[in-house]
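These notes are about the structure you will find just below.
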Amino acid sequence: MSSSPLAQFLKWEKEIPQQLFLRQPFNGQWKTWTYQQAGDEIRRVANGLRSLGFPKESKVALLSKNCAHWVMADLAIMMAGYVSVPLYATITASSIHQIVEHSEAKLIIVGKLDDYSPQRQGIPGTVVKLGIGAYGIDEDHSWEQWVMQFEPLQEVHPWKGEDLLTIMYTSGTTGKPKGVMHSVGNFDATLTQAIGELSIQKHPTLFSYLPMSHIAERMGIEMMGIYQGGNFSFPETLESFPKNLADTQPTHFFAVPRIWAKFNEKILEKLPQKKLSTLLAIPLVSTLIKNKIKKGLGLSRAKQIFSGAAPISVDLLKWFESIGVQILQAYGMTEDCVYAHFNRNDNNRHGTVGLPLKGLSVKLADNGEIRVKCPGLTLGYYKEPELTKELFDEEGYLKTGDQGEISKDGFLTITGRVKDLFKTDKGKYIAPAPIEMKLLSNPDIEQVCVVGMGVPQPIALTVLSASGKTKTKEHLINSIRKTLDEINPELESHEQVEKAVIMKDDWSVENNLLTPTLKVKRNEVEKIHLPHYPKWYNTDGKVVWE
């Protein structure tokens with residue numbers, strides 16, 4: 001068997017059978033599996049999958065929040081020789097139906113979910129369901145039953161580099177999901193290169209909570225941990241998240257900008273900035289305070305801390321640095337398997353997404369679009385030959401859809417999305433992303449979408465942060481107007497933001513205005529609010545309420 005995620009797991013199962021592999025909280029208590037215990041359970045479930053007699057390379061869908069069984073299910077699908085199709089845990093019934101049907105999945109493994117009953121209606125009747133009883137899922141086939149009924153599978157599937165391993169449907173800020181195909185070799189190329197270059201330690205301690213159906217968590221946490229013989233812990237609920245993270249104290253940690261902003265807000269609630277700055281200015285006290293904050297967050301042992309999936313403001317990065325937390329921005333996509341750009345602990349430049357891994361060729365097209373070529377590039381979109389053709393240019397580079405600038409020494413800065421450009425009715429093109437980043441430096445704002453079709457100047461649709469919602473209208477008007485006054489002089493005259501509109505409802509995954517990785521779905525926000533732009537634009541005052 002060539003180098004593959006499964007080969008790596010089998011190696012650790014043999015070499016460190018008694019070492020901790022998985023920790024899952026149930027009712028506040030951690031249940032644990034060693035490599036040997038998990039291996040035994042995975043082999044029995046893999047045998048159960050085989051017993052159904054599906055043809056070779058059949059697709060198996062996986063619908064669950066991150067949990068110990070997610071990792072075991074993924075490995076069981078590999079052992080049986082099938083292709084995994086992970087689904088986001090928050091996905092709607094109609095999207096489940098679309099993806100399960102499109103991918104031709106024969107079976108779906110259903111694990112930890114918030115509310116399965118509406119989602120269940122989206123699973124076509126012909127698809128076999130395997131429910132995990134530990135999370136209250138009761139289906140015709142039961143994970144626990146299979147573990148008792150089947151012997152451990154001995155002859156596991158011999159994966160080769162060119163074999164299709166998984167189809168990952170992009171959540172997409174636009175349009176219907178596309179199935180990104182990745183081979184064993186794609187995963188292996190990214191992991192071996194990144195682990196070496198980023199000096200990832202052996203046997204890391206990991207905390208997994210961002211969707212594993214997203215490439216960043218799947219590669220940066222799940223697969224990296226399997227390759228390095230790590231152990232994984234998971235949160236039980238959103239409420240227990242801080243406690244579960246503090247209990248784990250991972251050696252590597254990955255978050256998206258929204259989560260960093262929340263951490264920042266929580267710390268400042270307990271320790272206002274003025275007091276914090278005073279304490280950090282006293283040498284002896286400073287170290288104590290930093291250590292206490294890091295331990296409280298769960299980051300006292302973290303050697304590498306990454307942020308990705310969306311841009312993060314430089315102000316926030318500097319603030320975390322002031323409390324001794326160095327955050328490294330990284331940039332990759334589902335389509336390049338995160339064979340990508342990373343800042344490094346010893347070479348970190350704020351505002352950039354760092355340097356490319358060796359073996360990644362990067363160029364900018366005439367319109368500033370970033371294009372990349374590497375051994376991690378997708379085999380294409382499943383059953384979509386036309387879309388696959390459009391994905392690559394004539395030299396075989398992947399068109400990322402992102403725009404950027406590259407410094408003389410190779411650091412990449414993302415400046416926006418090609419598709420996000422919009423014209424105001426003055427006929428001038430605006431790139432919203434850099435303006436949005438500047439607005440997000442205001443702690444009263446949690447989300448922002450800069451728009452402007454059909455009005456003379458851009459306007460900023462804003463959602464208040466938790467702390468913003470506690471402030472008076474007068475405070476908010478002054479605070480947001482001050483931010484506009486600060487940023488507008490730095491912008492070209494046609495880019496200057498005329499108004500900030502405060503939205504009455506939050507944007508969330510549930511109302512389909514955020515992707516599962518918490519990026520704003522611009523086209524969905526625009527669909528709802530576009531007709532109101534002229535009215536808001538012509539309302540008096542710099543700050544208006546929806």
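Simple scheme: letters A, B, ... for chains in structure tokens order, numbers from 1 for residues in each chain, numbers from 1 for ligands in the order shown.
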- Task: Write out as an NGL selection string all residues of segment 128-272 of chain A that DSSP puts in alpha helix (DSSP H) for this structure's backbone.
- Result: :A and (143-149 or 184-197 or 215-217 or 224-227 or 241-248 or 257-270)
- Task: Would you kindly return, as a VMD selection string, each protein, DNA or RNA residue with an atom no farther than 10 Å from any atom of Asn345 of chain A, considering only C-alpha atoms and excluding same-chain residues fewer than 5 positions away?
- Result: chain A and resid 198 to 199 303 to 305 326 to 328
- So how many Å separate atom CA of Ile312 of chain A and atom CA of Ala281 of chain A, to one decimal? 25.8 Å
- Message: So that I can check the surroundings of segment 221-236 of chain A, please list as a PyMOL selection string every protein, DNA and RNA residue that reaches within 7 Å of it, counting only C-alpha atoms and ignoring chain neighbours fewer than 4 positions away.
- Response: chain A and resi 5+8-9+12+20-26+66-67+191+202-209+217+240-241+244+248
- Which neighbours of segment 335-338 of chain A fall inside 7 Å, counting only C-alpha atoms, when residues of the same chain fewer than 2 positions from it are skipped, and could you give them as a VMD selection string? chain A and resid 180 186 to 187 190 215 to 216 332 to 333 340 376 to 378
- Item | Contacts of segment 48-50 of chain A within 9 Å, only C-alpha atoms, excl. fewer than 6 positions in-chain, as a list in words | Ala76, Ile77, Ala80, Gly81, Leu107, Trp143, Trp146, Val147, Gln149, Phe150, Glu151 and Leu153 of chain A
- Mind checking which residues fall within 9 Å of Pro311 of chain A, counting only C-alpha atoms, ignoring those fewer than 4 positions away in the same chain, and posting them as number ranges by chain? A: 256-257, 307, 329, 351, 353, 414, 433, 437
Could the residues in this selection be written to a file with C-alpha atoms, as a compact mmCIF listing (two decimals), in the first residue's frame?
# COMPACT_ATOMS: atom_id res chain seq x y z
CA VAL A 256 -11.73 31.32 11.58
CA PRO A 257 -11.78 35.13 12.07
CA SER A 307 -6.47 31.41 11.02
CA GLN A 329 -2.79 33.36 8.47
CA GLY A 351 -1.94 41.20 6.47
CA VAL A 353 -1.30 34.78 3.90
CA ILE A 414 -5.49 38.62 -0.85
CA ALA A 433 -13.18 42.89 0.66
CA MET A 437 -11.71 44.42 6.55
Residues near Leu513 of chain A, cut-off 10 Å, only C-alpha atoms, skip fewer than 2 positions along chain, as a compact mmCIF listing (two decimals) with C-alpha atoms, in the first residue's frame:
# COMPACT_ATOMS: atom_id res chain seq x y z
CA THR A 173 -20.74 31.45 -1.33
CA ASP A 506 -28.13 38.33 12.44
CA TRP A 507 -26.72 36.50 9.44
CA SER A 508 -26.33 32.83 10.26
CA VAL A 509 -25.82 29.39 8.72
CA GLU A 510 -29.47 28.62 9.58
CA ASN A 511 -30.91 31.52 7.56
CA THR A 515 -21.52 29.38 4.77
CA PRO A 516 -20.73 26.60 7.30
CA LEU A 518 -19.01 31.50 8.61
CA LYS A 519 -18.25 33.44 5.42
CA VAL A 520 -20.96 35.89 4.31
CA LYS A 521 -22.92 34.63 1.28
CA ARG A 522 -22.86 37.91 -0.63
CA ASN A 523 -25.31 36.82 -3.34
CA GLU A 524 -27.91 35.69 -0.74
CA VAL A 525 -27.57 38.93 1.25
CA GLU A 526 -27.91 40.94 -1.99
CA ILE A 528 -32.86 39.99 -0.02
- Query: What are the DSSP strand (DSSP E) residues of segment 157-375 of chain A, as a VMD selection string?
  - Reply: chain A and resid 164 to 169 179 to 183 205 to 207 231 to 233 252 to 255 304 to 307 328 to 331 341 to 342 355 to 356 361 to 364 369 to 373
- Find, counting only C-alpha atoms, the residue in A:Arg301, A:Lys295, A:Lys270, A:Lys542 that gets nearest to Lys243 of chain A. A:Lys295
- Using only C-alpha atoms, pick whichever of A:Lys31, A:Ala38, A:Lys112, A:Gly196 has the shortest atom-to-atom distance to Leu75 of chain A.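 The answer is A:Ala38, which sits nearest to Leu75 of chain A.
Of the listed residues (A:Leu412, A:Ala68, A:Val450, A:Ile323), A:Ala68 comes nearest to Tyr135 of chain A; the distances count only C-alpha atoms.
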